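Student: Following this line is work-v2.pdb, made up of PDB, C-alpha atoms and all ligand atoms:
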```pdb
ATOM      1  CA  MET A   1       0.000   0.000   0.000  1.00  0.00           C
ATOM      2  CA  ALA A   2       2.842   2.374   0.892  1.00  0.00           C
ATOM      3  CA  GLU A   3       4.540   1.610  -2.420  1.00  0.00           C
ATOM      4  CA  THR A   4       1.307   2.295  -4.289  1.00  0.00           C
ATOM      5  CA  ALA A   5       1.016   5.741  -2.687  1.00  0.00           C
ATOM      6  CA  ALA A   6       4.658   6.439  -3.564  1.00  0.00           C
ATOM      7  CA  LEU A   7       4.001   5.645  -7.247  1.00  0.00           C
ATOM      8  CA  PHE A   8       2.116   8.905  -7.573  1.00  0.00           C
ATOM      9  CA  GLY A   9       4.924  11.182  -6.483  1.00  0.00           C
ATOM     10  CA  LYS A  10       4.099  11.381  -2.779  1.00  0.00           C
ATOM     11  CA  LYS A  11       6.794  11.267  -0.145  1.00  0.00           C
ATOM     12  CA  VAL A  12       5.828   8.129   1.785  1.00  0.00           C
ATOM     13  CA  LEU A  13       7.365   7.107   5.089  1.00  0.00           C
ATOM     14  CA  VAL A  14       6.978   3.697   6.736  1.00  0.00           C
ATOM     15  CA  PRO A  15       7.842   3.245  10.405  1.00  0.00           C
ATOM     16  CA  LYS A  16       9.968   0.114   9.955  1.00  0.00           C
ATOM     17  CA  GLU A  17      12.493  -0.863   7.318  1.00  0.00           C
ATOM     18  CA  PRO A  18      10.418  -1.807   4.229  1.00  0.00           C
ATOM     19  CA  LYS A  19      12.095  -5.237   4.006  1.00  0.00           C
ATOM     20  CA  TYR A  20      10.331  -6.177   7.272  1.00  0.00           C
ATOM     21  CA  LEU A  21       6.905  -5.000   6.098  1.00  0.00           C
ATOM     22  CA  GLY A  22       5.567  -7.848   3.976  1.00  0.00           C
ATOM     23  CA  CYS A  23       2.448  -9.944   4.282  1.00  0.00           C
ATOM     24  CA  ASP A  24       1.694 -13.576   3.396  1.00  0.00           C
ATOM     25  CA  LEU A  25      -0.666 -12.594   0.646  1.00  0.00           C
ATOM     26  CA  ALA A  26       1.552 -10.034  -1.089  1.00  0.00           C
ATOM     27  CA  ASP A  27       4.552 -12.375  -0.780  1.00  0.00           C
ATOM     28  CA  SER A  28       2.711 -15.297  -2.419  1.00  0.00           C
ATOM     29  CA  ILE A  29       3.250 -13.973  -5.963  1.00  0.00           C
ATOM     30  CA  THR A  30       6.481 -12.963  -7.685  1.00  0.00           C
ATOM     31  CA  VAL A  31       7.415 -11.192 -10.895  1.00  0.00           C
ATOM     32  CA  ASP A  32       8.691 -14.506 -12.310  1.00  0.00           C
ATOM     33  CA  ASP A  33       5.311 -16.170 -11.610  1.00  0.00           C
ATOM     34  CA  VAL A  34       3.481 -13.486 -13.591  1.00  0.00           C
ATOM     35  CA  ILE A  35       5.952 -13.517 -16.478  1.00  0.00           C
ATOM     36  CA  ALA A  36       5.797 -17.338 -16.693  1.00  0.00           C
ATOM     37  CA  TRP A  37       1.975 -17.217 -16.993  1.00  0.00           C
ATOM     38  CA  LYS A  38       2.137 -14.463 -19.614  1.00  0.00           C
ATOM     39  CA  ARG A  39       4.568 -16.506 -21.709  1.00  0.00           C
ATOM     40  CA  LYS A  40       2.088 -19.393 -21.789  1.00  0.00           C
ATOM     41  CA  ASN A  41      -0.947 -17.127 -22.318  1.00  0.00           C
ATOM     42  CA  GLU A  42       0.098 -14.522 -24.843  1.00  0.00           C
ATOM     43  CA  ARG A  43      -3.447 -13.171 -25.286  1.00  0.00           C
ATOM     44  CA  GLY A  44      -4.092 -13.229 -21.546  1.00  0.00           C
ATOM     45  CA  LEU A  45      -4.363 -10.269 -19.194  1.00  0.00           C
ATOM     46  CA  VAL A  46      -3.063 -10.052 -15.636  1.00  0.00           C
ATOM     47  CA  VAL A  47      -5.067  -8.262 -12.952  1.00  0.00           C
ATOM     48  CA  SER A  48      -3.239  -7.668  -9.671  1.00  0.00           C
ATOM     49  CA  TYR A  49      -4.965  -6.959  -6.411  1.00  0.00           C
ATOM     50  CA  VAL A  50      -3.666  -3.766  -4.814  1.00  0.00           C
ATOM     51  CA  ASN A  51      -2.079  -5.892  -2.071  1.00  0.00           C
ATOM     52  CA  THR A  52       0.918  -6.851  -4.231  1.00  0.00           C
ATOM     53  CA  SER A  53       4.415  -5.428  -4.529  1.00  0.00           C
ATOM     54  CA  ALA A  54       5.191  -2.603  -6.963  1.00  0.00           C
ATOM     55  CA  ASP A  55       7.356  -5.122  -8.865  1.00  0.00           C
ATOM     56  CA  VAL A  56       4.335  -7.365  -9.480  1.00  0.00           C
ATOM     57  CA  LYS A  57       2.129  -4.410 -10.431  1.00  0.00           C
ATOM     58  CA  ALA A  58       4.803  -3.370 -12.924  1.00  0.00           C
ATOM     59  CA  VAL A  59       4.381  -6.637 -14.886  1.00  0.00           C
ATOM     60  CA  SER A  60       0.578  -6.600 -14.592  1.00  0.00           C
ATOM     61  CA  ASP A  61      -1.933  -5.156 -17.038  1.00  0.00           C
ATOM     62  CA  TYR A  62      -4.430  -3.861 -14.471  1.00  0.00           C
ATOM     63  CA  VAL A  63      -4.581  -3.273 -10.713  1.00  0.00           C
ATOM     64  CA  CYS A  64      -7.806  -3.747  -8.756  1.00  0.00           C
ATOM     65  CA  THR A  65      -9.094  -3.313  -5.228  1.00  0.00           C
ATOM     66  CA  SER A  66     -11.579  -5.583  -3.492  1.00  0.00           C
ATOM     67  CA  ALA A  67     -14.184  -2.870  -4.177  1.00  0.00           C
ATOM     68  CA  ASN A  68     -13.714  -2.716  -7.956  1.00  0.00           C
ATOM     69  CA  CYS A  69     -12.286  -6.144  -8.856  1.00  0.00           C
ATOM     70  CA  LEU A  70     -15.561  -7.442 -10.309  1.00  0.00           C
ATOM     71  CA  GLU A  71     -16.077  -4.249 -12.320  1.00  0.00           C
ATOM     72  CA  VAL A  72     -12.520  -4.421 -13.708  1.00  0.00           C
ATOM     73  CA  VAL A  73     -12.872  -8.075 -14.753  1.00  0.00           C
ATOM     74  CA  LYS A  74     -16.256  -7.475 -16.405  1.00  0.00           C
ATOM     75  CA  ALA A  75     -14.820  -4.576 -18.428  1.00  0.00           C
ATOM     76  CA  LEU A  76     -12.005  -6.687 -19.924  1.00  0.00           C
ATOM     77  CA  PRO A  77     -12.173  -8.279 -23.385  1.00  0.00           C
ATOM     78  CA  ASP A  78     -12.994 -11.981 -23.687  1.00  0.00           C
ATOM     79  CA  VAL A  79      -9.491 -13.386 -23.087  1.00  0.00           C
ATOM     80  CA  PRO A  80      -8.004 -15.562 -20.315  1.00  0.00           C
ATOM     81  CA  ILE A  81      -7.433 -13.577 -17.122  1.00  0.00           C
ATOM     82  CA  LEU A  82      -4.929 -14.266 -14.365  1.00  0.00           C
ATOM     83  CA  LEU A  83      -6.132 -12.730 -11.101  1.00  0.00           C
ATOM     84  CA  VAL A  84      -3.452 -12.510  -8.403  1.00  0.00           C
ATOM     85  CA  PRO A  85      -2.730 -13.162  -5.640  1.00  0.00           C
ATOM     86  CA  ASP A  86      -5.823 -13.936  -3.536  1.00  0.00           C
ATOM     87  CA  LEU A  87      -7.529 -17.270  -4.210  1.00  0.00           C
ATOM     88  CA  ASN A  88     -10.741 -16.395  -2.387  1.00  0.00           C
ATOM     89  CA  LEU A  89     -11.230 -12.979  -3.970  1.00  0.00           C
ATOM     90  CA  GLY A  90     -10.448 -14.559  -7.353  1.00  0.00           C
ATOM     91  CA  GLU A  91     -12.928 -17.410  -6.924  1.00  0.00           C
ATOM     92  CA  TYR A  92     -15.619 -14.994  -5.727  1.00  0.00           C
ATOM     93  CA  VAL A  93     -15.138 -12.733  -8.764  1.00  0.00           C
ATOM     94  CA  LYS A  94     -15.028 -15.779 -11.055  1.00  0.00           C
ATOM     95  CA  LEU A  95     -18.371 -16.962  -9.644  1.00  0.00           C
ATOM     96  CA  LEU A  96     -20.052 -13.589 -10.119  1.00  0.00           C
ATOM     97  CA  SER A  97     -18.547 -12.693 -13.497  1.00  0.00           C
ATOM     98  CA  GLY A  98     -18.639 -16.118 -15.166  1.00  0.00           C
ATOM     99  CA  ARG A  99     -15.341 -15.156 -16.820  1.00  0.00           C
ATOM    100  CA  ASP A 100     -12.396 -17.377 -17.779  1.00  0.00           C
ATOM    101  CA  ILE A 101     -10.280 -16.575 -14.715  1.00  0.00           C
ATOM    102  CA  VAL A 102      -7.199 -18.379 -13.443  1.00  0.00           C
ATOM    103  CA  THR A 103      -6.898 -17.641  -9.742  1.00  0.00           C
ATOM    104  CA  TRP A 104      -3.571 -17.606  -7.951  1.00  0.00           C
ATOM    105  CA  LYS A 105      -3.319 -19.745  -4.824  1.00  0.00           C
ATOM    106  CA  GLY A 106      -2.286 -17.057  -2.343  1.00  0.00           C
ATOM    107  CA  THR A 107      -4.437 -16.467   0.711  1.00  0.00           C
ATOM    108  CA  CYS A 108      -4.602 -14.027   3.573  1.00  0.00           C
ATOM    109  CA  ARG A 109      -4.101 -15.949   6.824  1.00  0.00           C
ATOM    110  CA  VAL A 110      -6.788 -13.866   8.548  1.00  0.00           C
ATOM    111  CA  HIS A 111      -9.538 -13.993   5.935  1.00  0.00           C
ATOM    112  CA  ALA A 112      -8.894 -17.559   4.715  1.00  0.00           C
ATOM    113  CA  GLY A 113     -10.019 -18.923   8.101  1.00  0.00           C
ATOM    114  CA  ILE A 114     -13.429 -17.230   7.903  1.00  0.00           C
ATOM    115  CA  THR A 115     -15.599 -19.968   6.464  1.00  0.00           C
ATOM    116  CA  LYS A 116     -19.339 -20.379   6.072  1.00  0.00           C
ATOM    117  CA  ASP A 117     -19.516 -22.593   9.183  1.00  0.00           C
ATOM    118  CA  LYS A 118     -17.770 -19.988  11.331  1.00  0.00           C
ATOM    119  CA  VAL A 119     -19.976 -17.179  10.042  1.00  0.00           C
ATOM    120  CA  LEU A 120     -23.182 -19.163  10.569  1.00  0.00           C
ATOM    121  CA  ALA A 121     -22.122 -20.259  14.065  1.00  0.00           C
ATOM    122  CA  VAL A 122     -21.833 -16.599  15.120  1.00  0.00           C
ATOM    123  CA  SER A 123     -24.786 -15.230  13.154  1.00  0.00           C
ATOM    124  CA  SER A 124     -27.127 -17.889  14.607  1.00  0.00           C
ATOM    125  CA  ARG A 125     -26.670 -16.112  17.956  1.00  0.00           C
ATOM    126  CA  TYR A 126     -27.788 -12.776  16.442  1.00  0.00           C
ATOM    127  CA  PRO A 127     -31.009 -13.402  14.511  1.00  0.00           C
ATOM    128  CA  GLY A 128     -31.901 -10.398  12.368  1.00  0.00           C
ATOM    129  CA  ALA A 129     -28.297  -9.157  12.103  1.00  0.00           C
ATOM    130  CA  GLU A 130     -26.951  -8.393   8.637  1.00  0.00           C
ATOM    131  CA  LEU A 131     -23.812 -10.271   7.602  1.00  0.00           C
ATOM    132  CA  LEU A 132     -20.964  -8.189   6.182  1.00  0.00           C
ATOM    133  CA  ILE A 133     -18.350 -10.410   4.535  1.00  0.00           C
ATOM    134  CA  HIS A 134     -15.065  -9.370   2.937  1.00  0.00           C
ATOM    135  CA  PRO A 135     -14.517 -11.092  -0.437  1.00  0.00           C
ATOM    136  CA  GLU A 136     -11.122 -12.453   0.702  1.00  0.00           C
ATOM    137  CA  CYS A 137     -13.078 -14.846   2.985  1.00  0.00           C
ATOM    138  CA  PRO A 138     -14.167 -18.234   1.566  1.00  0.00           C
ATOM    139  CA  ALA A 139     -17.535 -17.526   3.220  1.00  0.00           C
ATOM    140  CA  ALA A 140     -18.186 -14.814   0.593  1.00  0.00           C
ATOM    141  CA  ARG A 141     -18.738 -17.370  -2.153  1.00  0.00           C
ATOM    142  CA  GLU A 142     -19.952 -20.156   0.142  1.00  0.00           C
ATOM    143  CA  LEU A 143     -22.845 -17.922   1.251  1.00  0.00           C
ATOM    144  CA  PHE A 144     -23.344 -16.253  -2.124  1.00  0.00           C
ATOM    145  CA  GLY A 145     -27.011 -15.311  -2.584  1.00  0.00           C
ATOM    146  CA  ALA A 146     -28.017 -16.170   1.000  1.00  0.00           C
ATOM    147  CA  SER A 147     -30.510 -13.870   2.657  1.00  0.00           C
ATOM    148  CA  GLY A 148     -29.043 -11.029   4.759  1.00  0.00           C
ATOM    149  CA  VAL A 149     -25.519 -11.500   3.353  1.00  0.00           C
ATOM    150  CA  ARG A 150     -23.645  -8.498   1.939  1.00  0.00           C
ATOM    151  CA  VAL A 151     -20.179  -9.002   0.435  1.00  0.00           C
ATOM    152  CA  ALA A 152     -18.200  -5.781   0.595  1.00  0.00           C
ATOM    153  CA  SER A 153     -14.777  -4.179   0.737  1.00  0.00           C
ATOM    154  CA  THR A 154     -13.678  -2.387   3.882  1.00  0.00           C
ATOM    155  CA  GLN A 155     -15.014   0.950   2.654  1.00  0.00           C
ATOM    156  CA  GLY A 156     -18.135  -0.759   1.321  1.00  0.00           C
ATOM    157  CA  MET A 157     -18.910  -2.114   4.799  1.00  0.00           C
ATOM    158  CA  VAL A 158     -18.880   1.412   6.219  1.00  0.00           C
ATOM    159  CA  LYS A 159     -21.276   2.592   3.495  1.00  0.00           C
ATOM    160  CA  ILE A 160     -23.672  -0.345   3.971  1.00  0.00           C
ATOM    161  CA  ALA A 161     -23.715  -0.025   7.762  1.00  0.00           C
ATOM    162  CA  THR A 162     -24.321   3.729   7.481  1.00  0.00           C
ATOM    163  CA  SER A 163     -27.277   3.471   5.112  1.00  0.00           C
ATOM    164  CA  SER A 164     -28.860   0.207   6.331  1.00  0.00           C
ATOM    165  CA  PRO A 165     -31.852   0.340   8.693  1.00  0.00           C
ATOM    166  CA  SER A 166     -30.358  -2.678  10.544  1.00  0.00           C
ATOM    167  CA  ARG A 167     -28.857  -2.090  13.975  1.00  0.00           C
ATOM    168  CA  ASP A 168     -26.824  -5.309  14.267  1.00  0.00           C
ATOM    169  CA  PHE A 169     -24.081  -6.539  11.946  1.00  0.00           C
ATOM    170  CA  VAL A 170     -21.964  -9.676  12.071  1.00  0.00           C
ATOM    171  CA  VAL A 171     -18.641  -8.723  10.485  1.00  0.00           C
ATOM    172  CA  ALA A 172     -16.377 -11.198   8.685  1.00  0.00           C
ATOM    173  CA  THR A 173     -12.971  -9.583   8.202  1.00  0.00           C
ATOM    174  CA  GLU A 174      -9.844  -8.529  10.118  1.00  0.00           C
ATOM    175  CA  VAL A 175     -10.943  -7.664  13.636  1.00  0.00           C
ATOM    176  CA  GLY A 176      -9.471  -4.142  13.504  1.00  0.00           C
ATOM    177  CA  MET A 177     -12.180  -3.304  10.962  1.00  0.00           C
ATOM    178  CA  VAL A 178     -14.795  -3.796  13.663  1.00  0.00           C
ATOM    179  CA  ASP A 179     -13.190  -0.952  15.647  1.00  0.00           C
ATOM    180  CA  ARG A 180     -13.309   1.255  12.559  1.00  0.00           C
ATOM    181  CA  LEU A 181     -17.007   0.460  12.012  1.00  0.00           C
ATOM    182  CA  LYS A 182     -17.807   1.271  15.653  1.00  0.00           C
ATOM    183  CA  ARG A 183     -15.973   4.573  15.304  1.00  0.00           C
ATOM    184  CA  GLU A 184     -17.405   5.614  11.930  1.00  0.00           C
ATOM    185  CA  VAL A 185     -20.946   4.308  12.406  1.00  0.00           C
ATOM    186  CA  PRO A 186     -21.829   5.059  16.036  1.00  0.00           C
ATOM    187  CA  GLY A 187     -25.039   3.757  17.580  1.00  0.00           C
ATOM    188  CA  LYS A 188     -24.962   0.365  15.830  1.00  0.00           C
ATOM    189  CA  ASN A 189     -23.663  -3.022  16.987  1.00  0.00           C
ATOM    190  CA  PHE A 190     -20.810  -4.783  15.203  1.00  0.00           C
ATOM    191  CA  ILE A 191     -19.953  -8.355  16.142  1.00  0.00           C
ATOM    192  CA  PRO A 192     -16.735  -9.901  14.766  1.00  0.00           C
ATOM    193  CA  VAL A 193     -16.985 -13.465  13.453  1.00  0.00           C
ATOM    194  CA  SER A 194     -13.633 -14.198  15.034  1.00  0.00           C
ATOM    195  CA  GLU A 195     -11.874 -12.289  17.823  1.00  0.00           C
ATOM    196  CA  GLU A 196      -8.731 -14.156  16.720  1.00  0.00           C
ATOM    197  CA  GLY A 197      -8.881 -12.630  13.249  1.00  0.00           C
ATOM    198  CA  VAL A 198      -5.971 -10.309  13.985  1.00  0.00           C
ATOM    199  CA  CYS A 199      -3.414  -9.549  11.292  1.00  0.00           C
ATOM    200  CA  PRO A 200       0.090  -9.891  12.771  1.00  0.00           C
ATOM    201  CA  PHE A 201       1.564  -7.863   9.905  1.00  0.00           C
ATOM    202  CA  MET A 202      -0.629  -4.831  10.524  1.00  0.00           C
ATOM    203  CA  LYS A 203       0.087  -5.025  14.239  1.00  0.00           C
ATOM    204  CA  LEU A 204       3.852  -4.862  13.679  1.00  0.00           C
ATOM    205  CA  ILE A 205       3.659  -1.079  13.886  1.00  0.00           C
ATOM    206  CA  SER A 206       3.066   0.782  17.139  1.00  0.00           C
ATOM    207  CA  LEU A 207       2.141   4.418  17.767  1.00  0.00           C
ATOM    208  CA  ASP A 208       5.695   4.956  19.048  1.00  0.00           C
ATOM    209  CA  ASP A 209       7.050   3.649  15.722  1.00  0.00           C
ATOM    210  CA  ILE A 210       4.856   6.131  13.838  1.00  0.00           C
ATOM    211  CA  LEU A 211       5.938   9.065  16.007  1.00  0.00           C
ATOM    212  CA  ALA A 212       9.606   8.124  15.617  1.00  0.00           C
ATOM    213  CA  SER A 213       9.154   7.853  11.852  1.00  0.00           C
ATOM    214  CA  ILE A 214       7.531  11.290  11.559  1.00  0.00           C
ATOM    215  CA  GLU A 215      10.115  12.937  13.803  1.00  0.00           C
ATOM    216  CA  GLY A 216      13.063  11.153  12.201  1.00  0.00           C
ATOM    217  CA  GLY A 217      11.813  11.267   8.591  1.00  0.00           C
ATOM    218  CA  PHE A 218      12.417   7.539   8.000  1.00  0.00           C
ATOM    219  CA  TYR A 219      12.031   5.130   6.222  1.00  0.00           C
ATOM    220  CA  GLU A 220      11.198   6.709   2.888  1.00  0.00           C
ATOM    221  CA  ILE A 221       9.831   4.395   0.191  1.00  0.00           C
ATOM    222  CA  SER A 222      11.955   4.554  -2.905  1.00  0.00           C
ATOM    223  CA  LEU A 223      11.326   2.551  -6.073  1.00  0.00           C
ATOM    224  CA  PRO A 224      13.433   2.056  -9.212  1.00  0.00           C
ATOM    225  CA  LEU A 225      12.183   4.497 -11.865  1.00  0.00           C
ATOM    226  CA  GLY A 226      11.325   1.797 -14.422  1.00  0.00           C
ATOM    227  CA  VAL A 227       9.303  -0.215 -11.895  1.00  0.00           C
ATOM    228  CA  ALA A 228       7.462   2.880 -10.665  1.00  0.00           C
ATOM    229  CA  GLU A 229       6.611   3.981 -14.213  1.00  0.00           C
ATOM    230  CA  ARG A 230       5.280   0.563 -15.306  1.00  0.00           C
ATOM    231  CA  ALA A 231       3.317   0.014 -12.080  1.00  0.00           C
ATOM    232  CA  ARG A 232       1.790   3.493 -12.360  1.00  0.00           C
ATOM    233  CA  ARG A 233       0.829   2.767 -15.972  1.00  0.00           C
ATOM    234  CA  ALA A 234      -1.057  -0.394 -14.892  1.00  0.00           C
ATOM    235  CA  ILE A 235      -3.026   1.647 -12.344  1.00  0.00           C
ATOM    236  CA  VAL A 236      -3.774   4.484 -14.769  1.00  0.00           C
ATOM    237  CA  ARG A 237      -4.856   1.915 -17.404  1.00  0.00           C
ATOM    238  CA  THR A 238      -7.316   0.557 -14.835  1.00  0.00           C
ATOM    239  CA  PHE A 239      -8.761   4.012 -14.169  1.00  0.00           C
ATOM    240  CA  GLU A 240      -9.156   4.518 -17.924  1.00  0.00           C
ATOM    241  CA  LEU A 241     -10.857   1.119 -18.271  1.00  0.00           C
ATOM    242  CA  LEU A 242     -13.371   2.159 -15.614  1.00  0.00           C
ATOM    243  CA  GLY A 243     -13.848   5.630 -17.099  1.00  0.00           C
ATOM    244  CA  ILE A 244     -12.332   7.345 -14.065  1.00  0.00           C
ATOM    245  CA  GLU A 245     -10.663  10.662 -14.791  1.00  0.00           C
ATOM    246  CA  VAL A 246      -6.972  10.699 -13.876  1.00  0.00           C
ATOM    247  CA  ARG A 247      -5.743  14.070 -12.687  1.00  0.00           C
ATOM    248  CA  ALA A 248      -2.055  14.871 -13.186  1.00  0.00           C
TER     249      ALA A 248
HETATM  250  S1  LIG B 301      -5.131  -8.849   6.704  1.00  0.00           S
HETATM  251 FE1  LIG B 301      -2.892  -8.978   6.964  1.00  0.00          FE
HETATM  252  S2  LIG B 301      -2.276 -10.940   6.017  1.00  0.00           S
HETATM  253 FE2  LIG B 301      -4.344 -10.413   5.300  1.00  0.00          FE
HETATM  254  S3  LIG B 301      -4.020  -9.334   3.360  1.00  0.00           S
HETATM  255 FE3  LIG B 301      -4.203  -7.773   4.972  1.00  0.00          FE
HETATM  256  S4  LIG B 301      -2.062  -7.376   5.590  1.00  0.00           S
HETATM  257 FE4  LIG B 301      -2.061  -9.330   4.463  1.00  0.00          FE
END
```
How does this structure look as structure tokens?
Tutor:
Amino acid sequence: MAETAALFGKKVLVPKEPKYLGCDLADSITVDDVIAWKRKNERGLVVSYVNTSADVKAVSDYVCTSANCLEVVKALPDVPILLVPDLNLGEYVKLLSGRDIVTWKGTCRVHAGITKDKVLAVSSRYPGAELLIHPECPAARELFGASGVRVASTQGMVKIATSSPSRDFVVATEVGMVDRLKREVPGKNFIPVSEEGVCPFMKLISLDDILASIEGGFYEISLPLGVAERARRAIVRTFELLGIEVRA
């Protein structure tokens, strides 16, 4: 995420040396993996989830978020698509789009454990609650079409909870998101599917680390020019595909 912000000319600081700031999901796909698939699928297009390295974005054709992944895939021509790196997001989008998608086998250790059985076990204790499920969870496709289920990105969950008449929501995603929902949508109840759904990578950074980084001006993200240019082009191409104006 920090690299993506840096692609657009911002000075971006991260509170720990970048080499220590990975994540299982982002690390599950490499540049060589993407290039090998492209060699075998010359007409194919590669769509990278935003949670990938700048190097992987630089060899991709498009870059999506969990909010717009389905829209991006639907807008592409009828050619084979490699969607990386999240298996569950890929399978969910494949189900909804009906497109010829090859999904990579990476998973997020937090979301991959949130299955239909876990969601139903919690929601059965809160009859009438709406279910908000992040598409990186297998439960998103396992409960596809079920009554009261809304599959949404992080930002999408805030929007749904704000506009819905429901008061109670069972939330299937990283547990920190539940705190954000409580903060941004006061007066409603948010119940996490799993209190153990804590991302160890996000929790690597403390408030003290952030203060030290701001005061010390470290560590600044810096990317090779060629990588930054190609990764930026993949993102801009995605905006153009979706008809979103790109301001210089
Ligand atoms: S929740 Fe953690 S492990 Fe999962 S994708 Fe986000 S940063 Fe990676």
Student: Could the residues of chain A that have an atom at most 10 Å from ligand LIG 301 (chain B) be listed as a Markdown table, each with its closest atom pair and the distance in Å to one decimal, counting all atoms listed in the file and ordered by chain and ascending residue number?
Tutor:
```
| residue | atom | partner | partner_atom | distance |
| --- | --- | --- | --- | --- |
| A:Met1 | CA | B:LIG301 | S4 | 9.5 |
| A:Leu21 | CA | B:LIG301 | S4 | 9.3 |
| A:Gly22 | CA | B:LIG301 | FE4 | 7.8 |
| A:Cys23 | CA | B:LIG301 | FE4 | 4.6 |
| A:Asp24 | CA | B:LIG301 | S2 | 5.4 |
| A:Leu25 | CA | B:LIG301 | FE4 | 5.2 |
| A:Ala26 | CA | B:LIG301 | FE4 | 6.7 |
| A:Asp27 | CA | B:LIG301 | FE4 | 9.0 |
| A:Val50 | CA | B:LIG301 | S3 | 9.9 |
| A:Asn51 | CA | B:LIG301 | S3 | 6.7 |
| A:Thr52 | CA | B:LIG301 | S3 | 9.4 |
| A:Pro85 | CA | B:LIG301 | S3 | 9.9 |
| A:Asp86 | CA | B:LIG301 | S3 | 8.5 |
| A:Gly106 | CA | B:LIG301 | S3 | 9.8 |
| A:Thr107 | CA | B:LIG301 | FE2 | 7.6 |
| A:Cys108 | CA | B:LIG301 | FE2 | 4.0 |
| A:Arg109 | CA | B:LIG301 | S2 | 5.4 |
| A:Val110 | CA | B:LIG301 | FE2 | 5.3 |
| A:His111 | CA | B:LIG301 | FE2 | 6.3 |
| A:Ala112 | CA | B:LIG301 | FE2 | 8.5 |
| A:Glu136 | CA | B:LIG301 | S3 | 8.2 |
| A:Thr173 | CA | B:LIG301 | S1 | 8.0 |
| A:Glu174 | CA | B:LIG301 | S1 | 5.8 |
| A:Val175 | CA | B:LIG301 | S1 | 9.1 |
| A:Gly176 | CA | B:LIG301 | S1 | 9.3 |
| A:Met177 | CA | B:LIG301 | S1 | 9.9 |
| A:Gly197 | CA | B:LIG301 | S1 | 8.4 |
| A:Val198 | CA | B:LIG301 | S1 | 7.5 |
| A:Cys199 | CA | B:LIG301 | FE1 | 4.4 |
| A:Pro200 | CA | B:LIG301 | FE1 | 6.6 |
| A:Phe201 | CA | B:LIG301 | FE1 | 5.5 |
| A:Met202 | CA | B:LIG301 | S4 | 5.7 |
| A:Lys203 | CA | B:LIG301 | FE1 | 8.8 |
```
Student: For the interface of stretch 163-243 of chain A with stretch 148-157 of chain A (cut-off 12 Å, counting all atoms listed in the file), please tabulate each contacting residue of stretch 163-243 of chain A alongside its nearest pair of atoms and their separation in Å to one decimal, rows sorted by chain and increasing number, as a tab-separated table.
Tutor:
```
residue	atom	partner	partner_atom	distance
A:Ser163	CA	A:Met157	CA	10.1
A:Ser164	CA	A:Met157	CA	10.3
A:Ser166	CA	A:Gly148	CA	10.2
A:Asp168	CA	A:Gly148	CA	11.3
A:Phe169	CA	A:Gly148	CA	9.8
A:Val170	CA	A:Val149	CA	9.6
A:Val171	CA	A:Met157	CA	8.7
A:Ala172	CA	A:Val151	CA	9.3
A:Thr173	CA	A:Thr154	CA	8.4
A:Glu174	CA	A:Thr154	CA	9.6
A:Val175	CA	A:Thr154	CA	11.4
A:Gly176	CA	A:Thr154	CA	10.6
A:Met177	CA	A:Thr154	CA	7.3
A:Val178	CA	A:Met157	CA	9.9
A:Asp179	CA	A:Thr154	CA	11.9
A:Arg180	CA	A:Thr154	CA	9.4
A:Leu181	CA	A:Met157	CA	7.9
A:Lys182	CA	A:Met157	CA	11.4
A:Glu184	CA	A:Met157	CA	10.6
A:Val185	CA	A:Met157	CA	10.2
A:Phe190	CA	A:Met157	CA	10.9
```
Student: My list of candidates is A:Glu229, A:Asp61, A:Glu91, A:Glu71. Which is closest to A:Leu45 when distances are computed with only C-alpha atoms?
Tutor: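 Counting only C-alpha atoms, the residue closest to A:Leu45 is A:Asp61.
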Student: Have a look at A:Tyr20, A:Phe218, A:Ala146, A:Leu87 and name the one nearest to A:Tyr49; count all atoms listed in the file.
Tutor: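 Of the candidates, the smallest distance to A:Tyr49 is held by A:Leu87.
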Student: Can you measure atom CA of A:Lys57 to atom CA of A:Ala234 for me? One decimal in Å is fine.
Tutor: 6.8 Å
